[in-house]
$ cat work37.txt   # compact mmCIF, C-alpha atoms
# COMPACT_ATOMS: atom_id res chain seq x y z
CA MET A 96 77.03 59.32 -84.16
CA LYS A 97 77.15 61.19 -87.43
CA TYR A 98 74.21 63.07 -88.92
CA LEU A 99 74.54 62.82 -92.68
CA PHE A 100 72.28 63.94 -95.49
CA LEU A 101 71.70 62.14 -98.76
CA SER A 102 74.23 62.46 -101.53
CA PHE A 103 72.27 65.11 -103.43
CA PHE A 104 73.47 67.67 -100.87
CA SER A 105 77.03 67.30 -102.10
CA GLY A 106 78.60 69.50 -104.75
CA LEU A 107 78.67 73.22 -105.31
CA ILE A 108 75.65 75.44 -104.98
CA CYS A 109 74.88 76.81 -108.44
CA ILE A 110 75.46 80.48 -107.86
CA SER A 111 76.68 83.29 -110.04
CA ILE A 112 78.96 84.86 -107.46
CA PHE A 113 79.75 88.11 -109.12
CA SER A 114 76.18 88.92 -110.09
CA GLN A 115 75.14 87.93 -106.55
CA SER A 116 72.24 85.87 -107.90
CA LEU A 117 70.82 82.50 -106.98
CA ASN A 118 69.29 80.19 -109.56
CA GLU A 119 66.59 77.61 -108.93
CA GLU A 120 68.97 74.67 -108.67
CA GLY A 121 70.97 76.48 -106.01
CA ALA A 122 67.75 77.45 -104.20
CA ILE A 123 66.69 73.80 -104.10
CA LYS A 124 70.02 72.76 -102.58
CA LEU A 125 69.66 75.43 -99.90
CA ALA A 126 65.99 74.72 -99.19
CA ARG A 127 66.52 70.99 -98.76
CA LEU A 128 68.56 71.66 -95.62
CA PRO A 129 65.73 73.21 -93.53
CA LEU A 130 63.25 70.89 -95.22
CA HIS A 131 65.24 68.06 -93.70
CA CYS A 132 65.81 69.52 -90.25
CA ILE A 133 62.64 71.46 -89.37
CA ASN A 134 60.88 68.25 -88.40
CA THR A 135 64.08 66.59 -87.10
CA GLU A 136 63.71 66.72 -83.34
CA PHE A 137 67.07 65.22 -82.36
CA PRO A 138 69.84 66.11 -81.77
CA ASN A 139 68.42 69.09 -79.92
CA LYS A 140 69.70 71.97 -77.79
CA THR A 141 66.63 73.41 -76.10
CA SER A 142 68.32 75.97 -73.79
CA HIS A 143 65.23 75.59 -71.61
CA THR A 144 65.59 76.57 -67.94
CA ALA A 145 63.28 74.20 -66.11
CA ASP A 146 61.08 75.33 -63.22
CA SER A 147 60.18 71.83 -62.10
CA ILE A 148 60.59 68.15 -62.91
CA SER A 149 57.43 68.23 -65.01
CA ASP A 150 58.69 70.77 -67.56
CA ALA A 151 62.24 69.39 -67.33
CA LEU A 152 60.89 66.18 -68.87
CA LEU A 153 59.09 67.83 -71.80
CA LEU A 154 60.27 67.01 -75.31
CA PRO A 155 61.47 69.86 -77.55
CA SER A 156 58.30 69.54 -79.63
CA GLN A 157 56.21 69.92 -76.48
CA LEU A 158 58.06 73.06 -75.45
CA HIS A 159 58.03 74.51 -78.96
CA PRO A 160 55.42 72.94 -81.25
CA ALA A 161 56.29 75.12 -84.27
CA PHE A 162 60.04 75.70 -83.93
CA TYR A 163 61.47 72.59 -82.30
CA GLY A 164 63.71 71.16 -85.05
CA CYS A 165 67.05 72.16 -86.61
CA LEU A 166 68.88 71.61 -83.29
CA ASP A 167 67.65 74.86 -81.70
CA TRP A 168 64.79 77.35 -81.78
CA HIS A 169 66.51 80.15 -83.67
CA SER A 170 67.80 77.84 -86.40
CA SER A 171 64.29 76.54 -86.92
CA VAL A 172 62.97 80.09 -87.15
CA HIS A 173 65.46 81.20 -89.76
CA GLY A 174 65.03 77.89 -91.58
CA HIS A 175 61.38 78.86 -91.99
CA TRP A 176 62.51 82.28 -93.23
CA LEU A 177 64.68 80.57 -95.86
CA LEU A 178 61.82 78.40 -97.11
CA LEU A 179 59.55 81.42 -97.31
CA LYS A 180 62.18 83.46 -99.16
CA VAL A 181 62.84 80.65 -101.66
CA LEU A 182 59.12 80.11 -102.29
CA LYS A 183 58.66 83.84 -102.82
CA GLN A 184 61.57 84.07 -105.26
CA PHE A 185 60.78 80.83 -107.11
CA PRO A 186 56.98 80.36 -106.87
CA SER A 187 57.00 77.35 -109.22
CA ILE A 188 60.00 75.62 -107.68
CA SER A 189 59.92 71.83 -108.02
CA ILE A 190 59.88 71.32 -104.24
CA LYS A 191 57.02 73.78 -103.74
CA ASP A 192 54.65 71.20 -102.24
CA SER A 193 57.18 70.15 -99.62
CA ILE A 194 57.80 73.77 -98.64
CA LEU A 195 54.09 74.51 -98.41
CA GLN A 196 53.52 71.45 -96.26
CA ILE A 197 56.19 72.51 -93.77
CA LEU A 198 55.08 76.14 -93.57
CA SER A 199 51.38 75.35 -93.34
CA SER A 200 52.05 72.94 -90.50
CA SER A 201 54.21 75.38 -88.54
CA PHE A 202 52.00 78.44 -88.94
CA GLN A 203 48.96 76.86 -87.33
CA PRO A 204 47.41 79.40 -84.92
CA GLN A 205 47.38 77.04 -81.94
CA LYS A 206 51.06 76.15 -82.37
CA ILE A 207 52.04 79.81 -82.60
CA LYS A 208 49.94 80.65 -79.54
CA GLU A 209 51.83 78.01 -77.57
CA GLU A 210 55.12 79.43 -78.84
CA ALA A 211 54.09 82.88 -77.62
CA ASP A 212 52.88 81.54 -74.28
CA TYR A 213 56.28 79.95 -73.65
CA PHE A 214 57.88 83.35 -73.06
CA SER A 215 55.70 84.03 -70.02
CA LYS A 216 54.93 80.49 -68.88
CA TYR A 217 58.28 79.86 -67.16
CA LYS A 218 60.15 82.02 -64.65
CA THR A 219 63.11 83.00 -66.82
CA ALA A 220 61.57 82.49 -70.26
CA ASN A 221 61.34 86.23 -70.93
CA THR A 222 65.08 86.13 -71.74
CA TYR A 223 64.86 83.04 -73.94
CA GLU A 224 66.61 83.58 -77.30
CA ARG A 225 67.43 87.20 -76.47
CA THR A 226 68.23 88.76 -78.89
CA TYR A 227 69.39 86.48 -81.73
CA GLY A 228 66.24 84.37 -81.93
CA TRP A 229 64.12 87.48 -81.44
CA ALA A 230 65.86 89.10 -84.41
CA TRP A 231 65.24 86.16 -86.72
CA LEU A 232 61.60 85.97 -85.64
CA LEU A 233 61.14 89.60 -86.68
CA LYS A 234 62.91 88.91 -89.99
CA LEU A 235 60.48 86.05 -90.58
CA ASP A 236 57.53 88.30 -89.71
CA GLU A 237 58.84 91.04 -92.00
CA GLU A 238 59.20 88.63 -94.92
CA LEU A 239 55.61 87.49 -94.48
CA PHE A 240 54.35 91.06 -94.21
CA ILE A 241 55.91 92.28 -97.46
CA TRP A 242 54.75 89.34 -99.60
CA GLU A 243 51.49 90.10 -101.38
CA ASN A 244 50.24 86.54 -101.30
CA PRO A 245 47.07 85.09 -99.72
CA LEU A 246 48.93 82.33 -97.89
CA ALA A 247 51.55 84.77 -96.66
CA ARG A 248 48.84 87.03 -95.26
CA GLN A 249 47.25 84.03 -93.53
CA TRP A 250 50.57 82.92 -92.06
CA HIS A 251 51.44 86.46 -91.02
CA GLU A 252 48.17 86.77 -89.14
CA ALA A 253 48.83 83.45 -87.41
CA LEU A 254 52.31 84.60 -86.36
CA GLN A 255 51.11 87.79 -84.67
CA PRO A 256 50.77 86.51 -81.08
CA LEU A 257 54.44 85.49 -81.14
CA THR A 258 55.59 88.63 -82.97
CA LYS A 259 53.79 90.89 -80.52
CA LYS A 260 55.27 88.98 -77.60
CA ILE A 261 58.81 89.37 -78.96
CA VAL A 262 58.38 93.06 -79.77
CA GLY A 263 56.97 93.67 -76.31
CA LEU A 264 59.87 91.88 -74.65
CA TRP A 265 62.38 93.83 -76.72
CA LYS A 266 60.77 97.19 -76.02
CA ASN A 267 60.87 96.39 -72.32
CA PHE A 268 64.47 95.21 -72.43
CA LEU A 269 66.03 97.93 -74.58
CA PRO A 270 65.81 100.80 -72.04
CA LYS A 271 67.36 98.52 -69.41
CA GLN A 272 70.27 97.43 -71.57
CA THR A 273 73.11 99.52 -70.21
CA TYR A 274 75.92 97.89 -72.21
CA PRO A 275 75.99 96.23 -75.63
CA ASN A 276 77.09 92.64 -76.15
CA ARG A 277 80.07 92.75 -78.51
CA THR A 278 80.39 89.00 -78.89
CA GLY A 279 80.62 87.19 -82.22
CA VAL A 280 77.84 84.74 -81.34
CA HIS A 281 74.15 84.82 -80.48
CA PRO A 282 73.86 87.67 -77.94
CA ASN A 283 75.51 90.20 -80.30
CA THR A 284 73.57 93.41 -79.81
CA ALA A 285 74.30 95.11 -83.12
CA PHE A 286 73.14 92.14 -85.20
CA GLY A 287 69.87 91.99 -83.30
CA LEU A 288 69.29 95.72 -83.66
CA VAL A 289 69.89 95.57 -87.43
CA PHE A 290 67.04 93.12 -87.91
CA ALA A 291 64.84 94.87 -85.36
CA LEU A 292 65.41 98.21 -87.09
CA ASP A 293 64.56 96.72 -90.49
CA TRP A 294 61.34 95.30 -89.03
CA SER A 295 60.36 98.54 -87.28
CA ARG A 296 60.73 100.53 -90.50
CA THR A 297 58.89 98.01 -92.65
CA LEU A 298 56.04 97.66 -90.15
CA ARG A 299 56.16 101.44 -89.39
CA ASP A 300 56.60 101.05 -85.66
CA THR A 301 58.21 104.47 -85.22
CA ALA A 302 58.41 104.27 -81.43
CA PHE A 303 60.47 101.08 -81.67
CA GLU A 304 62.57 102.54 -84.49
CA HIS A 305 63.42 105.66 -82.48
CA ALA A 306 64.27 103.59 -79.40
CA ILE A 307 66.65 101.44 -81.46
CA ILE A 308 68.35 104.46 -83.03
CA LYS A 309 68.73 106.15 -79.65
CA LYS A 310 70.28 103.06 -78.09
CA ALA A 311 72.54 102.38 -81.07
CA LYS A 312 73.96 105.88 -80.86
CA GLU A 313 74.52 105.51 -77.11
CA PHE A 314 76.39 102.26 -77.67
CA TYR A 315 78.40 102.96 -80.81
CA LEU A 316 78.46 106.57 -82.02
CA ASN A 317 81.63 107.48 -80.13
CA ASN A 318 83.46 104.23 -80.83
CA ILE A 319 86.87 104.74 -82.44
CA ALA A 320 89.76 102.44 -83.34
CA THR A 321 87.75 99.28 -82.71
CA PRO A 322 90.09 96.36 -81.93
CA ALA A 323 88.92 94.24 -84.85
CA TYR A 324 92.50 93.03 -85.25
CA LEU A 325 91.61 90.66 -82.41
CA GLU A 326 88.76 89.05 -84.38
CA PRO A 327 87.63 86.35 -84.60
CA ASP A 328 87.11 84.27 -81.50
CA GLY A 329 87.21 80.55 -82.13
CA SER A 330 83.46 80.02 -82.52
CA ASP A 331 82.36 83.34 -84.03
CA PHE A 332 79.74 83.43 -86.76
CA LEU A 333 79.36 87.23 -86.60
CA SER A 334 81.99 89.96 -86.78
CA PRO A 335 81.48 92.23 -83.75
CA SER A 336 82.90 95.24 -85.59
CA LEU A 337 81.20 94.72 -88.96
CA GLU A 338 77.81 94.19 -87.31
CA ILE A 339 78.22 97.58 -85.62
CA ALA A 340 79.19 99.21 -88.91
CA ASP A 341 76.22 97.61 -90.68
CA LEU A 342 73.93 99.04 -88.01
CA MET A 343 75.43 102.53 -88.06
CA LYS A 344 75.12 102.62 -91.84
CA ARG A 345 71.38 102.31 -91.34
CA ILE A 346 71.01 105.13 -88.83
CA LEU A 347 73.53 107.80 -89.85
CA PRO A 348 73.33 110.14 -92.86
CA LYS A 349 75.75 109.04 -95.57
CA GLN A 350 78.53 111.56 -94.99
CA GLN A 351 78.30 111.24 -91.23
CA PHE A 352 78.54 107.46 -91.56
CA ILE A 353 81.67 107.70 -93.72
CA THR A 354 83.31 110.03 -91.20
CA TRP A 355 82.36 107.65 -88.39
CA LEU A 356 83.63 104.59 -90.31
CA ASN A 357 86.99 106.21 -91.05
CA LYS A 358 87.58 106.61 -87.31
CA PHE A 359 86.12 103.23 -86.40
CA TYR A 360 88.70 101.12 -88.23
CA ASP A 361 92.45 101.37 -88.50
CA ALA A 362 94.68 99.62 -91.04
CA ARG A 363 95.49 96.52 -88.99
CA SER A 364 91.83 95.92 -88.19
CA ILE A 365 90.84 96.24 -91.84
CA LYS A 366 93.55 93.75 -92.72
CA ARG A 367 92.30 91.30 -90.13
CA ILE A 368 88.61 91.33 -91.06
CA THR A 369 89.40 90.83 -94.74
CA GLU A 370 91.28 87.59 -94.06
CA MET A 371 89.40 84.36 -94.70
CA PRO A 372 88.44 82.55 -91.47
CA VAL A 373 90.12 79.15 -91.13
CA VAL A 374 87.71 76.27 -90.46
CA SER A 375 89.81 73.35 -89.27
CA ASP A 376 87.00 70.84 -88.57
CA ARG A 377 83.49 71.10 -90.03
CA THR A 378 82.27 68.20 -87.91
CA ASP A 379 82.85 70.35 -84.80
CA PHE A 380 79.61 72.19 -84.00
CA GLN A 381 81.50 75.25 -82.71
CA ILE A 382 84.42 75.49 -85.15
CA VAL A 383 82.00 75.28 -88.10
CA HIS A 384 80.57 78.62 -86.92
CA LEU A 385 83.49 80.18 -88.78
CA ASP A 386 81.87 79.28 -92.11
CA GLY A 387 78.98 81.45 -90.99
CA LEU A 388 81.42 84.20 -90.13
CA ALA A 389 82.63 84.32 -93.74
CA LEU A 390 79.02 84.65 -94.90
CA SER A 391 78.02 87.31 -92.36
CA ARG A 392 81.17 89.31 -93.07
CA ALA A 393 80.23 89.15 -96.75
CA TRP A 394 76.75 90.58 -96.23
CA CYS A 395 78.05 93.33 -93.95
CA MET A 396 80.80 94.31 -96.37
CA LYS A 397 78.39 94.38 -99.30
CA SER A 398 76.01 96.56 -97.30
CA ILE A 399 78.75 98.96 -96.18
CA ALA A 400 80.38 99.16 -99.62
CA LYS A 401 77.12 100.39 -101.15
CA GLU A 402 77.28 103.44 -98.93
CA LEU A 403 80.89 104.34 -99.74
CA PRO A 404 81.87 106.65 -102.62
CA VAL A 405 83.86 105.21 -105.51
CA SER A 406 86.96 107.03 -104.29
CA HIS A 407 86.90 105.45 -100.84
CA PRO A 408 89.79 102.95 -100.45
CA TRP A 409 87.61 100.37 -98.70
CA LYS A 410 84.80 100.27 -101.27
CA LYS A 411 86.47 97.97 -103.80
CA LEU A 412 88.25 96.10 -101.03
CA PHE A 413 84.98 95.27 -99.28
CA GLU A 414 83.27 94.35 -102.56
CA LYS A 415 86.09 92.01 -103.58
CA THR A 416 86.45 90.51 -100.12
CA ALA A 417 82.71 89.86 -99.88
CA ASN A 418 82.81 88.02 -103.21
CA ASP A 419 85.86 86.04 -102.13
CA PHE A 420 84.20 85.07 -98.85
CA LEU A 421 81.08 83.92 -100.68
CA LYS A 422 83.06 81.97 -103.25
CA SER A 423 84.97 80.18 -100.51
CA ALA A 424 82.15 79.60 -98.02
CA LEU A 425 79.18 78.67 -100.21
CA PRO A 426 80.41 75.20 -101.22
CA ASN A 427 80.69 74.33 -97.52
CA VAL A 428 77.06 75.14 -96.74
CA THR A 429 75.96 71.67 -97.82
CA SER A 430 78.90 69.77 -96.34
CA GLY A 431 76.85 66.87 -94.95
CA ASN A 432 77.74 67.72 -91.35
CA TYR A 433 74.75 68.61 -89.19
CA GLY A 434 76.74 71.17 -87.19
CA GLY A 435 76.60 73.45 -90.24
CA ASP A 436 73.76 71.98 -92.24
CA HIS A 437 71.11 72.86 -89.67
CA TRP A 438 71.70 76.62 -90.09
CA LEU A 439 74.26 77.74 -92.67
CA ALA A 440 71.84 77.77 -95.61
CA SER A 441 69.98 80.71 -94.06
CA PHE A 442 73.21 82.67 -93.75
CA ALA A 443 74.04 81.86 -97.38
CA LEU A 444 70.67 83.03 -98.64
CA TYR A 445 70.74 86.21 -96.58
CA ALA A 446 74.24 87.01 -97.87
CA LEU A 447 73.12 86.45 -101.45
CA SER A 448 69.99 88.55 -101.01
CA GLN A 449 71.83 91.71 -99.91
$ encode --input "work37.txt" --output "structure tokens"
Amino acid sequence: MKYLFLSFFSGLICISIFSQSLNEEGAIKLARLPLHCINTEFPNKTSHTADSISDALLLPSQLHPAFYGCLDWHSSVHGHWLLLKVLKQFPSISIKDSILQILSSSFQPQKIKEEADYFSKYKTANTYERTYGWAWLLKLDEELFIWENPLARQWHEALQPLTKKIVGLWKNFLPKQTYPNRTGVHPNTAFGLVFALDWSRTLRDTAFEHAIIKKAKEFYLNNIATPAYLEPDGSDFLSPSLEIADLMKRILPKQQFITWLNKFYDARSIKRITEMPVVSDRTDFQIVHLDGLALSRAWCMKSIAKELPVSHPWKKLFEKTANDFLKSALPNVTSGNYGGDHWLASFALYALSQ
């Protein structure tokens, strides 16, 4: 069975690539994707580990009353982030009422309380969505926190039981994490720590911030000659090496970061990560991850390039490659295939917002 959107999803997203800006028409095309899927319960990949026949038979919307759509929990969470970001950037957008309806429904206190309760209700639920979904939940919370808007303040207050649960789980897990996950998919440690670090600094949770910095240095400070020439794996949507570099840029002083970066990559790895990922089949839910890889590489390269001096040989290379990745990947965000349409718009918006 194919999951197709209406014809208005086709065509290019109206984006000025080189100015890295998004206009309202492009924002509408992106926002329509989570608007469609947030309340779409099936197909669904719950990743729920059942304790008994009773919870094994629960529908996704019974397990997760706020974040049940968009195939999986984390995609629903960052779909909400996208809608919030679009509404914030374009407060008079023509689809405003539809966005408000979705967000107001999801951020009901009772629904969020049930979402928070899930993480302690079942035997292994304390590892659910660790750490990719946790990271996007904190990004959503951060976006609500920084928006001076009455509705945003109301929604942020409603989200707090879930936010506090996630932060508590992460603070408990971090000291026990002996080794980082260097995968290019959901468990990637560096990606999660980037978003967690951003949240801790915005919300001024200095204890969490210091714990993240300490662990990041333990994991990555002495890394040299990373084998990025082996990237990507066949279903990657994150670059293991670039996610590490994006994290270290945030925690090291500028000159120390540049010295670290120069030792982290060699020429063949730089060549490899600047090559466009090949997506052979966008109807394949795993292969289409590689469109996301182009977008996440773009945001990492843009972030890293900002820290490099004009004379550094990788500054212009990363800037150009990021633009090339965006130019190539953005038209595929609204391809009409649910394998990408349920999540890629969030990656596109995050890449454009950096």
$ residues_around --input "work37.txt" --residues "stretch 200-212 of chain A" --least-positions-apart "6" --cutoff "9 Å" --atoms "only C-alpha atoms" --output "VMD selection string"
chain A and resid 158 to 162 175 249 to 261
$ residues_around --input "work37.txt" --residues "stretch 333-341 of chain A" --least-positions-apart "2" --cutoff "7 Å" --atoms "only C-alpha atoms" --output "list in words"
Arg277, Thr278, Gly279, Val280, Ala285, Phe286, Thr321, Ala323, Asp331, Met343, Lys344, Arg345, Leu388, Ser391, Arg392, Cys395, Ser398 and Ile399 of chain A
$ residues_around --input "work37.txt" --residues "A:Asp386" --least-positions-apart "2" --cutoff "12 Å" --atoms "all atoms listed in the file" --output "VMD selection string"
chain A and resid 327 329 to 334 371 to 384 388 to 393 420 to 430 434 to 436 438 to 440 442 to 443
$ residues_around --input "work37.txt" --residues "A:Ser147" --least-positions-apart "4" --cutoff "12 Å" --atoms "only C-alpha atoms" --output "PyMOL selection string"
chain A and resi 143+151-153+217-218
$ closest_residue --input "work37.txt" --among "A:Leu269, A:Ser149, A:Ser116, A:Tyr163" --to "A:Phe137" --atoms "only C-alpha atoms"
A:Tyr163
$ decode --input "work37.txt" --residues "stretch 123-140 of chain A" --atoms "C-alpha atoms" --output "short mmCIF file (atom, residue, chain, number, x, y, z; two decimals), in the first residue's frame"
data_model
loop_
_atom_site.label_atom_id
_atom_site.label_comp_id
_atom_site.auth_asym_id
_atom_site.auth_seq_id
_atom_site.Cartn_x
_atom_site.Cartn_y
_atom_site.Cartn_z
CA ILE A 123 3.54 26.16 4.16
CA LYS A 124 4.86 23.27 2.07
CA LEU A 125 6.99 22.09 4.99
CA ALA A 126 4.27 22.55 7.62
CA ARG A 127 1.67 20.62 5.65
CA LEU A 128 3.70 17.44 6.14
CA PRO A 129 3.41 17.25 9.96
CA LEU A 130 -0.08 18.74 9.74
CA HIS A 131 -0.99 15.67 7.74
CA CYS A 132 0.81 13.06 9.79
CA ILE A 133 0.52 14.17 13.44
CA ASN A 134 -3.01 12.80 13.63
CA THR A 135 -2.28 9.91 11.22
CA GLU A 136 -2.08 6.87 13.46
CA PHE A 137 -1.16 4.25 10.85
CA PRO A 138 1.26 3.07 9.62
CA ASN A 139 2.94 3.11 13.01
CA LYS A 140 6.17 1.88 14.58
#
